[in-house]
Every structure is written in structure tokens, then in C-alpha cells.
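**Q** Sharing model.cif below, mmCIF, C-alpha atoms and all ligand atoms:
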data_start
#
loop_
_atom_site.group_PDB
_atom_site.id
_atom_site.type_symbol
_atom_site.label_atom_id
_atom_site.label_comp_id
_atom_site.auth_asym_id
_atom_site.auth_seq_id
_atom_site.Cartn_x
_atom_site.Cartn_y
_atom_site.Cartn_z
ATOM 1 C CA MET A 1277 26.050 -11.894 2.730
ATOM 2 C CA THR A 1278 26.623 -9.865 -0.412
ATOM 3 C CA ASP A 1279 23.594 -7.829 0.517
ATOM 4 C CA LEU A 1280 25.256 -6.510 3.668
ATOM 5 C CA HIS A 1281 28.439 -5.932 1.733
ATOM 6 C CA THR A 1282 26.560 -3.699 -0.725
ATOM 7 C CA HIS A 1283 24.924 -1.819 2.124
ATOM 8 C CA ALA A 1284 28.332 -1.371 3.741
ATOM 9 C CA GLU A 1285 29.776 0.015 0.506
ATOM 10 C CA ASP A 1286 26.873 2.445 0.241
ATOM 11 C CA ILE A 1287 27.400 3.644 3.783
ATOM 12 C CA VAL A 1288 31.125 4.120 3.294
ATOM 13 C CA ALA A 1289 30.383 6.145 0.152
ATOM 14 C CA GLN A 1290 27.773 8.161 2.014
ATOM 15 C CA PHE A 1291 30.300 9.180 4.663
ATOM 16 C CA SER A 1292 33.318 9.452 2.390
ATOM 17 C CA ASP A 1293 33.531 13.226 2.921
ATOM 18 C CA HIS A 1294 33.188 12.960 6.672
ATOM 19 C CA LEU A 1295 34.602 9.760 8.093
ATOM 20 C CA ASP A 1296 37.348 7.385 7.151
ATOM 21 C CA LEU A 1297 35.452 4.103 7.255
ATOM 22 C CA SER A 1298 36.382 0.749 5.847
ATOM 23 C CA VAL A 1299 33.821 -1.446 4.156
ATOM 24 C CA ASP A 1300 34.850 -4.325 6.394
ATOM 25 C CA GLU A 1301 34.205 -2.534 9.672
ATOM 26 C CA VAL A 1302 30.819 -1.261 8.473
ATOM 27 C CA GLU A 1303 29.871 -4.675 7.204
ATOM 28 C CA GLU A 1304 30.884 -6.188 10.521
ATOM 29 C CA ARG A 1305 28.614 -3.804 12.420
ATOM 30 C CA LEU A 1306 25.721 -4.575 10.069
ATOM 31 C CA ASP A 1307 26.441 -8.260 10.291
ATOM 32 C CA ASN A 1308 26.450 -8.112 14.066
ATOM 33 C CA LEU A 1309 23.018 -6.459 14.172
ATOM 34 C CA VAL A 1310 21.472 -8.591 11.463
ATOM 35 C CA ASN A 1311 22.880 -12.002 12.261
ATOM 36 C CA GLU A 1312 23.506 -11.704 15.974
ATOM 37 C CA TYR A 1313 20.538 -9.582 17.033
ATOM 38 C CA ARG A 1314 18.139 -10.474 14.217
ATOM 39 C CA VAL A 1315 17.507 -6.842 13.378
ATOM 40 C CA PRO A 1316 15.923 -6.362 9.922
ATOM 41 C CA VAL A 1317 18.519 -5.180 7.402
ATOM 42 C CA ASP A 1318 16.982 -1.761 6.795
ATOM 43 C CA GLU A 1319 16.716 -1.078 10.486
ATOM 44 C CA ALA A 1320 20.299 -2.191 10.999
ATOM 45 C CA ARG A 1321 21.382 0.100 8.223
ATOM 46 C CA ARG A 1322 19.552 3.031 9.741
ATOM 47 C CA SER A 1323 21.015 2.334 13.140
ATOM 48 C CA VAL A 1324 24.567 2.097 11.780
ATOM 49 C CA VAL A 1325 24.097 5.250 9.690
ATOM 50 C CA ASN A 1326 22.736 7.084 12.725
ATOM 51 C CA SER A 1327 25.707 6.103 14.844
ATOM 52 C CA TYR A 1328 28.092 7.364 12.146
ATOM 53 C CA LEU A 1329 26.065 10.560 11.878
ATOM 54 C CA ASP A 1330 26.595 11.061 15.606
ATOM 55 C CA GLU A 1331 30.249 10.228 15.275
ATOM 56 C CA ALA A 1332 30.646 12.778 12.495
ATOM 57 C CA GLY A 1333 28.453 15.317 14.286
ATOM 58 C CA LEU A 1334 26.101 15.483 11.318
ATOM 59 C CA GLU A 1335 22.392 15.721 10.700
ATOM 60 C CA ARG A 1336 21.043 13.206 8.225
ATOM 61 C CA ASP A 1337 20.270 16.060 5.800
ATOM 62 C CA ALA A 1338 23.954 16.990 5.702
ATOM 63 C CA LEU A 1339 24.780 13.866 3.751
ATOM 64 C CA GLY A 1340 22.878 15.399 0.872
ATOM 65 C CA GLY A 1341 22.906 14.038 -2.673
ATOM 66 C CA GLY A 1342 21.544 10.531 -3.022
ATOM 67 C CA GLY A 1343 21.309 9.347 0.558
ATOM 68 C CA GLY A 1344 22.658 6.142 -0.927
ATOM 69 C CA ASN A 1345 19.316 4.464 -0.428
ATOM 70 C CA ALA A 1346 17.920 1.776 -2.663
ATOM 71 C CA SER A 1347 16.406 2.888 -5.938
ATOM 72 C CA VAL A 1348 13.409 0.731 -6.668
ATOM 73 C CA GLY A 1349 10.617 1.367 -9.152
ATOM 74 C CA LEU A 1350 7.526 2.603 -7.319
ATOM 75 C CA ALA A 1351 5.388 -0.253 -8.601
ATOM 76 C CA GLU A 1352 8.111 -2.747 -7.699
ATOM 77 C CA ILE A 1353 8.331 -1.987 -3.995
ATOM 78 C CA ASP A 1354 8.018 -5.258 -2.141
ATOM 79 C CA GLN A 1355 9.643 -4.588 1.225
ATOM 80 C CA ASP A 1356 8.462 -2.882 4.363
ATOM 81 C CA GLU A 1357 10.616 -0.192 6.017
ATOM 82 C CA GLN A 1358 12.982 0.128 3.109
ATOM 83 C CA TRP A 1359 14.694 3.486 2.581
ATOM 84 C CA LEU A 1360 14.419 4.767 -0.963
ATOM 85 C CA ASP A 1361 15.410 7.606 -3.244
ATOM 86 C CA VAL A 1362 13.060 8.149 -6.171
ATOM 87 C CA THR A 1363 12.364 10.548 -8.966
ATOM 88 C CA ALA A 1364 8.608 10.682 -9.270
ATOM 89 C CA LYS A 1365 5.683 12.647 -10.547
ATOM 90 C CA VAL A 1366 2.745 13.617 -8.364
ATOM 91 C CA VAL A 1367 -0.087 11.875 -10.200
ATOM 92 C CA GLU A 1368 -2.921 12.535 -7.770
ATOM 93 C CA LEU A 1369 -3.498 14.376 -4.517
ATOM 94 C CA TRP A 1370 -6.307 13.242 -2.242
ATOM 95 C CA GLU A 1371 -8.060 14.984 0.591
ATOM 96 C CA PRO A 1372 -6.306 13.871 3.798
ATOM 97 C CA ARG A 1373 -8.735 12.043 6.066
ATOM 98 C CA SER A 1374 -6.869 13.016 9.183
ATOM 99 C CA ASP A 1375 -5.404 16.201 10.643
ATOM 100 C CA SER A 1376 -2.039 14.555 11.177
ATOM 101 C CA VAL A 1377 -1.630 13.978 7.445
ATOM 102 C CA ALA A 1378 -0.298 16.940 5.470
ATOM 103 C CA GLN A 1379 -0.578 15.335 2.047
ATOM 104 C CA VAL A 1380 -1.656 12.022 0.622
ATOM 105 C CA GLY A 1381 -1.839 10.893 -2.972
ATOM 106 C CA LEU A 1382 -0.164 8.916 -5.712
ATOM 107 C CA LEU A 1383 3.404 9.169 -6.933
ATOM 108 C CA GLY A 1384 4.285 7.713 -10.311
ATOM 109 C CA ASP A 1385 7.399 6.712 -12.214
ATOM 110 C CA GLU A 1386 8.061 4.581 -15.303
ATOM 111 C CA THR A 1387 7.105 1.410 -13.453
ATOM 112 C CA GLY A 1388 3.733 2.632 -12.207
ATOM 113 C CA THR A 1389 2.317 4.315 -9.158
ATOM 114 C CA THR A 1390 2.267 4.007 -5.410
ATOM 115 C CA LYS A 1391 0.520 5.824 -2.595
ATOM 116 C CA PHE A 1392 2.473 8.393 -0.599
ATOM 117 C CA VAL A 1393 1.799 10.042 2.732
ATOM 118 C CA ALA A 1394 3.431 13.124 4.273
ATOM 119 C CA PHE A 1395 2.701 13.915 7.897
ATOM 120 C CA GLU A 1396 2.159 17.346 9.415
ATOM 121 C CA THR A 1397 4.903 16.746 11.973
ATOM 122 C CA SER A 1398 7.480 16.325 9.204
ATOM 123 C CA ASP A 1399 6.958 19.951 8.218
ATOM 124 C CA LEU A 1400 7.829 19.454 4.544
ATOM 125 C CA PRO A 1401 7.185 21.744 1.571
ATOM 126 C CA GLU A 1402 3.977 20.859 -0.274
ATOM 127 C CA LEU A 1403 4.162 18.741 -3.379
ATOM 128 C CA GLU A 1404 2.250 20.077 -6.355
ATOM 129 C CA ASP A 1405 -0.026 18.011 -8.520
ATOM 130 C CA GLY A 1406 1.689 17.123 -11.811
ATOM 131 C CA ALA A 1407 5.172 18.228 -10.732
ATOM 132 C CA VAL A 1408 8.218 15.946 -10.812
ATOM 133 C CA TYR A 1409 10.507 15.683 -7.805
ATOM 134 C CA ARG A 1410 13.678 14.005 -6.701
ATOM 135 C CA LEU A 1411 12.730 12.605 -3.300
ATOM 136 C CA GLU A 1412 15.430 11.219 -1.067
ATOM 137 C CA ASN A 1413 15.033 9.328 2.168
ATOM 138 C CA LEU A 1414 11.538 7.973 1.744
ATOM 139 C CA VAL A 1415 10.623 4.921 3.718
ATOM 140 C CA THR A 1416 8.297 2.196 2.510
ATOM 141 C CA ASP A 1417 5.330 0.961 4.466
ATOM 142 C CA GLU A 1418 3.301 -2.188 4.075
ATOM 143 C CA TYR A 1419 -0.229 -2.946 5.128
ATOM 144 C CA GLN A 1420 -1.897 -6.204 4.098
ATOM 145 C CA GLY A 1421 0.338 -6.564 1.096
ATOM 146 C CA ASN A 1422 -0.192 -2.958 -0.006
ATOM 147 C CA PHE A 1423 2.959 -0.898 -0.209
ATOM 148 C CA SER A 1424 3.180 2.850 0.127
ATOM 149 C CA VAL A 1425 5.919 5.372 0.796
ATOM 150 C CA LYS A 1426 6.137 7.819 3.641
ATOM 151 C CA LEU A 1427 7.805 11.179 3.443
ATOM 152 C CA ASN A 1428 9.405 12.013 6.771
ATOM 153 C CA ARG A 1429 11.435 14.663 8.515
ATOM 154 C CA THR A 1430 14.642 13.537 6.833
ATOM 155 C CA THR A 1431 13.153 13.493 3.316
ATOM 156 C CA THR A 1432 14.702 15.938 0.898
ATOM 157 C CA ILE A 1433 12.518 17.294 -1.894
ATOM 158 C CA THR A 1434 13.957 18.838 -5.041
ATOM 159 C CA GLU A 1435 11.749 19.792 -7.949
ATOM 160 C CA VAL A 1436 13.110 18.435 -11.204
ATOM 161 C CA ASP A 1437 12.609 20.075 -14.570
ATOM 162 C CA GLU A 1438 11.623 16.997 -16.536
ATOM 163 C CA ASP A 1439 8.484 15.038 -17.230
ATOM 164 C CA ILE A 1440 7.947 11.396 -16.440
ATOM 165 C CA GLU A 1441 5.885 9.015 -18.503
ATOM 166 C CA VAL A 1442 4.119 7.266 -15.662
ATOM 167 C CA GLY A 1443 3.814 3.538 -16.281
ATOM 168 C CA ASP A 1444 0.508 1.786 -16.237
ATOM 169 C CA ASP A 1445 0.673 -0.963 -13.663
ATOM 170 C CA ALA A 1446 -2.991 -1.883 -13.928
ATOM 171 C CA GLU A 1447 -3.784 -5.558 -14.178
ATOM 172 C CA THR A 1448 -6.794 -6.849 -16.027
ATOM 173 C CA VAL A 1449 -8.321 -10.146 -15.011
ATOM 174 C CA GLU A 1450 -11.606 -11.813 -15.779
ATOM 175 C CA GLY A 1451 -13.621 -14.811 -14.824
ATOM 176 C CA ALA A 1452 -16.626 -16.019 -12.919
ATOM 177 C CA LEU A 1453 -17.041 -14.607 -9.443
ATOM 178 C CA VAL A 1454 -16.828 -17.883 -7.548
ATOM 179 C CA ASP A 1455 -16.435 -16.646 -3.992
ATOM 180 C CA ILE A 1456 -17.030 -13.616 -1.823
ATOM 181 C CA GLN A 1457 -14.712 -14.003 1.122
ATOM 182 C CA SER A 1458 -15.256 -13.200 4.768
ATOM 183 C CA GLY A 1459 -14.511 -9.585 5.551
ATOM 184 C CA SER A 1460 -16.807 -8.564 2.692
ATOM 185 C CA GLY A 1461 -20.073 -6.641 2.743
ATOM 186 C CA LEU A 1462 -20.702 -4.123 5.503
ATOM 187 C CA ILE A 1463 -17.475 -3.805 7.452
ATOM 188 C CA LYS A 1464 -16.109 -1.489 10.102
ATOM 189 C CA ARG A 1465 -12.746 0.202 9.891
ATOM 190 C CA CYS A 1466 -10.556 1.616 12.622
ATOM 191 C CA PRO A 1467 -11.039 5.401 12.847
ATOM 192 C CA GLU A 1468 -7.528 6.058 14.208
ATOM 193 C CA ASP A 1469 -5.319 8.352 12.147
ATOM 194 C CA ASP A 1470 -3.973 6.671 9.048
ATOM 195 C CA CYS A 1471 -5.056 3.221 10.263
ATOM 196 C CA THR A 1472 -8.247 2.107 8.426
ATOM 197 C CA ARG A 1473 -7.663 -1.531 9.408
ATOM 198 C CA VAL A 1474 -10.781 -3.636 9.203
ATOM 199 C CA LEU A 1475 -12.087 -4.445 12.683
ATOM 200 C CA GLN A 1476 -12.592 -8.013 13.825
ATOM 201 C CA ASN A 1477 -15.304 -8.211 16.477
ATOM 202 C CA GLY A 1478 -14.967 -4.484 17.117
ATOM 203 C CA ARG A 1479 -11.210 -4.674 17.600
ATOM 204 C CA CYS A 1480 -8.378 -3.223 15.561
ATOM 205 C CA SER A 1481 -5.266 -5.400 15.574
ATOM 206 C CA GLU A 1482 -3.235 -2.269 16.287
ATOM 207 C CA HIS A 1483 -5.503 -0.077 18.421
ATOM 208 C CA GLY A 1484 -7.697 -2.559 20.281
ATOM 209 C CA SER A 1485 -11.361 -1.842 20.927
ATOM 210 C CA VAL A 1486 -12.516 1.170 18.916
ATOM 211 C CA GLU A 1487 -15.728 2.697 17.629
ATOM 212 C CA GLY A 1488 -15.470 1.651 13.983
ATOM 213 C CA GLU A 1489 -16.589 3.471 10.870
ATOM 214 C CA PHE A 1490 -18.807 1.621 8.400
ATOM 215 C CA ASP A 1491 -17.526 0.858 4.945
ATOM 216 C CA LEU A 1492 -18.388 -1.462 2.095
ATOM 217 C CA ARG A 1493 -16.098 -3.766 0.243
ATOM 218 C CA ILE A 1494 -16.019 -7.094 -1.527
ATOM 219 C CA LYS A 1495 -13.073 -9.445 -1.392
ATOM 220 C CA GLY A 1496 -13.864 -11.719 -4.268
ATOM 221 C CA VAL A 1497 -12.347 -14.536 -6.245
ATOM 222 C CA LEU A 1498 -12.548 -14.597 -10.032
ATOM 223 C CA ASP A 1499 -11.984 -17.929 -11.731
ATOM 224 C CA ASP A 1500 -11.207 -17.956 -15.443
ATOM 225 C CA GLY A 1501 -11.110 -21.747 -15.638
ATOM 226 C CA GLU A 1502 -7.326 -21.882 -15.385
ATOM 227 C CA GLN A 1503 -6.424 -19.509 -12.623
ATOM 228 C CA VAL A 1504 -8.092 -17.771 -9.762
ATOM 229 C CA HIS A 1505 -7.546 -14.086 -9.064
ATOM 230 C CA GLU A 1506 -8.280 -12.350 -5.807
ATOM 231 C CA VAL A 1507 -9.865 -8.949 -6.270
ATOM 232 C CA ILE A 1508 -11.018 -6.216 -3.921
ATOM 233 C CA PHE A 1509 -13.883 -3.905 -4.740
ATOM 234 C CA ASP A 1510 -13.717 -0.759 -2.597
ATOM 235 C CA ARG A 1511 -16.854 1.044 -1.504
ATOM 236 C CA GLU A 1512 -17.375 2.854 -4.777
ATOM 237 C CA ALA A 1513 -16.812 -0.253 -6.896
ATOM 238 C CA THR A 1514 -18.961 -2.355 -4.548
ATOM 239 C CA GLU A 1515 -21.821 0.139 -4.750
ATOM 240 C CA SER A 1516 -21.639 0.128 -8.494
ATOM 241 C CA LEU A 1517 -21.337 -3.673 -8.699
ATOM 242 C CA THR A 1518 -24.250 -4.413 -6.389
ATOM 243 C CA GLY A 1519 -26.377 -1.311 -6.766
ATOM 244 C CA MET A 1520 -26.413 -1.194 -2.974
ATOM 245 C CA THR A 1521 -25.191 2.004 -1.322
ATOM 246 C CA LEU A 1522 -23.537 2.187 2.075
ATOM 247 C CA GLU A 1523 -26.784 3.714 3.425
ATOM 248 C CA ASP A 1524 -28.835 0.845 1.949
ATOM 249 C CA ALA A 1525 -26.453 -1.636 3.529
ATOM 250 C CA LYS A 1526 -26.672 0.029 6.948
ATOM 251 C CA ASP A 1527 -30.472 0.056 6.774
ATOM 252 C CA MET A 1528 -30.521 -3.583 5.769
ATOM 253 C CA ALA A 1529 -28.224 -4.551 8.634
ATOM 254 C CA MET A 1530 -30.241 -2.451 11.074
ATOM 255 C CA ASP A 1531 -33.495 -4.169 10.058
ATOM 256 C CA ALA A 1532 -31.959 -7.609 10.404
ATOM 257 C CA LEU A 1533 -29.932 -6.681 13.509
ATOM 258 C CA ASP A 1534 -27.124 -8.433 11.710
ATOM 259 C CA THR A 1535 -24.437 -7.093 9.374
ATOM 260 C CA THR A 1536 -23.837 -10.415 7.628
ATOM 261 C CA VAL A 1537 -27.096 -10.099 5.677
ATOM 262 C CA VAL A 1538 -25.365 -7.523 3.495
ATOM 263 C CA ALA A 1539 -22.674 -9.898 2.226
ATOM 264 C CA ASP A 1540 -25.349 -12.596 1.773
ATOM 265 C CA GLU A 1541 -27.398 -10.262 -0.383
ATOM 266 C CA MET A 1542 -24.286 -9.352 -2.386
ATOM 267 C CA ARG A 1543 -23.480 -13.023 -2.921
ATOM 268 C CA ALA A 1544 -26.981 -13.665 -4.192
ATOM 269 C CA ASP A 1545 -26.602 -10.830 -6.703
ATOM 270 C CA THR A 1546 -23.157 -11.521 -8.053
ATOM 271 C CA LEU A 1547 -21.882 -15.068 -7.504
ATOM 272 C CA GLY A 1548 -21.496 -17.076 -10.677
ATOM 273 C CA ARG A 1549 -21.525 -14.017 -12.899
ATOM 274 C CA TYR A 1550 -18.644 -13.131 -15.192
ATOM 275 C CA TYR A 1551 -16.638 -9.966 -14.776
ATOM 276 C CA ARG A 1552 -13.592 -8.331 -16.259
ATOM 277 C CA VAL A 1553 -11.859 -6.060 -13.757
ATOM 278 C CA SER A 1554 -8.772 -3.887 -13.900
ATOM 279 C CA GLY A 1555 -6.766 -1.956 -11.392
ATOM 280 C CA PRO A 1556 -3.434 -1.917 -9.625
ATOM 281 C CA GLN A 1557 -2.070 -5.132 -8.190
ATOM 282 C CA PHE A 1558 -1.318 -4.921 -4.479
ATOM 283 C CA GLY A 1559 0.155 -8.018 -2.961
ATOM 284 C CA ARG A 1560 -2.087 -10.839 -4.083
ATOM 285 C CA TYR A 1561 -5.051 -8.612 -4.819
ATOM 286 C CA VAL A 1562 -6.150 -6.646 -7.824
ATOM 287 C CA LEU A 1563 -7.796 -3.470 -6.505
ATOM 288 C CA VAL A 1564 -10.716 -2.859 -8.783
ATOM 289 C CA ASP A 1565 -10.679 0.545 -10.467
ATOM 290 C CA GLU A 1566 -12.925 -0.464 -13.346
ATOM 291 C CA PHE A 1567 -15.029 -3.462 -14.094
ATOM 292 C CA GLU A 1568 -17.547 -4.680 -16.611
ATOM 293 C CA ARG A 1569 -19.995 -7.505 -16.526
ATOM 294 C CA LEU A 1570 -19.388 -10.089 -19.229
ATOM 295 C CA THR A 1571 -22.029 -12.279 -20.739
ATOM 296 C CA GLY A 1572 -19.439 -15.019 -20.403
ATOM 297 C CA PRO A 1573 -19.796 -18.747 -20.769
ATOM 298 C CA VAL A 1574 -23.194 -19.694 -19.464
ATOM 299 C CA ASP A 1575 -23.380 -22.664 -17.208
ATOM 300 C CA ALA A 1576 -26.521 -24.519 -18.304
ATOM 301 C CA GLU A 1577 -27.384 -25.683 -14.828
ATOM 302 C CA ALA A 1578 -26.931 -22.267 -13.269
ATOM 303 C CA ALA A 1579 -29.028 -20.736 -16.030
ATOM 304 C CA LEU A 1580 -31.759 -23.277 -15.357
ATOM 305 C CA ILE A 1581 -31.752 -22.548 -11.647
ATOM 306 C CA GLU A 1582 -31.927 -18.848 -12.402
ATOM 307 C CA ALA A 1583 -34.795 -19.446 -14.846
ATOM 308 C CA ARG A 1584 -36.742 -21.397 -12.235
ATOM 309 C CA SER A 1585 -36.234 -18.702 -9.658
ATOM 310 C CA ILE A 1586 -37.895 -16.048 -11.807
HETATM 311 ZN ZN ZN B 1 -6.414 0.843 14.159
#
Could I get this structure in the form of C-alpha cells?

**A**
Amino acid sequence: MTDLHTHAEDIVAQFSDHLDLSVDEVEERLDNLVNEYRVPVDEARRSVVNSYLDEAGLERDALGGGGGNASVGLAEIDQDEQWLDVTAKVVELWEPRSDSVAQVGLLGDETGTTKFVAFETSDLPELEDGAVYRLENLVTDEYQGNFSVKLNRTTTITEVDEDIEVGDDAETVEGALVDIQSGSGLIKRCPEDDCTRVLQNGRCSEHGSVEGEFDLRIKGVLDDGEQVHEVIFDREATESLTGMTLEDAKDMAMDALDTTVVADEMRADTLGRYYRVSGPQFGRYVLVDEFERLTGPVDAEAALIEARSI
């Protein structure tokens, strides 16, 4: 596998000042882990690097300059648990929702933006809004097709004296809202630190039975006649789309003793209408940052039904 060969070359280069390694022996160790033990490549790489670090009596930090990790555009990340080096600008900082998170926000480069998280336990210097940094030894994370990067204890942070024109990775799609999928309306999310998974029957796939926190969202399908696009409205976008606040939705569910009435009400208000939405693409979804209602092609039959219902 050429891929392993490249990794092996990187590792040899990484240790060139410390150990006398041959590409073949490194590749063989990677190959053994990956093909014999079915270890994911990035994990295998980490494990091999760690064993050489031990052998050389080094801390990971000591390798310094360009940990030899992949360089991938932030908006092009499509692998979980991949180690990266990036030069990126801090585009936004958000209020951490959990005490274990030191910083959370958006990093941007020429390709676009991605979410980053730094944990308290990693004890890293704080990133400043608008500053540009060389960040080495980040690791990617994936949740439901959404990729983010995590800063960790081994991450090195160097402020860089340059500006970055952050790319716009927003997608714009439009069409008739033809479906609101299950998992829409009034939902509950796992309250565990940095989890936020949507609960199914009161259970988080990671943390089991938990006391969820209410949230609103719509997972919708827009059909432009040629293609369908899956879109997710978060709470804010859902409130603005439906005019129904989270409090309204909770009241409605309480009255009906049933949370599904909320999604039903949302369907009644929005299905068949035309929208243009834009926002970042995550996996197969466009996450709606902005939307507008279009007057769009009017289906005569639908219009008639609507007219009768007035
Ligand atoms: Zn959870």
C-alpha cells in the first residue's frame, strides 16, 4: 500500500535526528498493525510513532517542527482520528457549554472553516479571536458526518504573523420542502460533556439512559425537481422558520402529552413550500445558517387544497 509507504517515509523523516530507521522496517510495522490486526491507519501510525518515541526517550513535543502529520484543508477533512498540522485563523469563539472545554469555536483556512475544541485537561495557551496560528498535532473527530478538530496535550501552537483569507464553504440549495424526517421537532439531547447526541427513547448511543435536554431542529429534504438536498435547521433556524419557540414547543408537547405533535405542526406549516437555504455542508447535510422563503413554482393542486382550507 503506497499509503503506508508514505506514512513510513514521514515517520522516518520525523525521527531522522534521533533514530536510524529504514522506511522498510517502519512500513513493515505499520503493515503488520493495519493488515494483520486491522488497526485503522492513523491509530497504527500513532502507535508506531509512540513506540519510536519511547525508543528514542523523547516526548512527542520534542519532535517539533511539522509533526509530519497530514496537511488537509479544514473544509476538506473527511476522516475521523486523523492527525493534522494546519495554519488557521480563529474565526469565531463560542461560549463553552461544559466545564471540561477550555475553548470551542471555528478555525478557518483558504478552504473554509471547521469547528475546534480544546479541553481544560490539555492545558494549552488560549487562542485569540482573529489571530492566525500554526497548529501541529491536531486530531480530527467525526460525529454524524460532521468533522471537527481537537486540540490536545501534544498540540503545539505558534502564532503566525500573517493573515488568512478564510474560504467560504457555504452551500446554497433550494427547492420544495418535501419531507421532514424523523428526529425532527422537539428532541432531547444528551447532557454529557461535549456529547449532544440526540436521544432515542431516552437513551444516548454513547452514555445510555440520561436525563435529556430539550432542543428543536428540523431535518428536512429540499427537492428542486432534479436533486434532493438534506438540510438541518438548528434551533434558531427552526424557530425562525416555524415561528415556534422552544418554549412554545414544550408547552404544546406538555398539553398533548406527546412530543410528536411538534413535528406534525411543523410539517403542516412548512411542507410543500419553497426555500433557499445556505450554510456549511457537513457530510450529507447542509446546516442552515440562512434561509429565505421563495414564492417558487406553485403546484395548482396544492394551492387549491390550501385555498379550500382557508
Ligand atoms: Zn451522550

**Q** Nearest residue to Leu1411 (chain A) out of A:Ala1452, A:Val1442, A:Val1393, A:Leu1360, using all atoms listed in the file?

**A**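 Ranking A:Ala1452, A:Val1442, A:Val1393, A:Leu1360 by distance to Leu1411 (chain A), first place goes to A:Leu1360.
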
**Q** Written as a PyMOL selection string, what is the full residue list that the PyMOL selection byres (((chain A and resi 1456) around 12) and not hetatm) yields on the file shown?

**A** chain A and resi 1452-1455+1457-1461+1493-1499+1505-1509+1514+1538-1549

**Q** As number ranges by chain, please: every protein or nucleic acid residue near ligand ZN 1 (chain B) (cut-off 12 Å, counting all atoms listed in the file).

**A** A: 1419, 1464-1476, 1478-1489

**Q** Choose the residue, out of A:Gln1503, A:Gln1420, A:Thr1535, A:Thr1448, that has the smallest atom-to-atom separation from Glu1566 (chain A); count all atoms listed in the file.

**A**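 Between A:Gln1503, A:Gln1420, A:Thr1535, A:Thr1448, the residue approaching Glu1566 (chain A) most closely is A:Thr1448.
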
**Q** Taking the file as shown, find all residues satisfying the PyMOL selection byres (((chain A and resi 1408) around 6) and not hetatm) and write them as JSON, numbers by chain.

**A** {"A": [1364, 1365, 1407, 1409, 1435, 1436]}

**Q** Using only C-alpha atoms, find the one residue out of A:Arg1410, A:Glu1371, A:Val1553, A:Gln1379 that sits nearest to Asp1437 (chain A).

**A**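 Checking each of A:Arg1410, A:Glu1371, A:Val1553, A:Gln1379 against Asp1437 (chain A), counting only C-alpha atoms, the winner is A:Arg1410.
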
**Q** For the atom pair CA of Ile1433 (chain A) and CA of Leu1403 (chain A), what is the interatomic distance in Å to one decimal place?

**A**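 So the two atoms, CA of Ile1433 (chain A) and CA of Leu1403 (chain A), lie 8.6 Å apart.
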
**Q** Hey, which of A:Asp1405, A:Glu1312, A:Asp1445, A:Asp1439 ends up closest to Glu1352 (chain A)? Count only C-alpha atoms.

**A**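 Using only C-alpha atoms, Glu1352 (chain A) sits closest to A:Asp1445.
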
**Q** Report as a ChimeraX atom specification the full result of the PyMOL selection byres (((chain A and resi 1562) around 7) and not hetatm) when it is applied to this structure.

**A** /A:1447,1506-1508,1555-1558,1560-1561,1563-1564
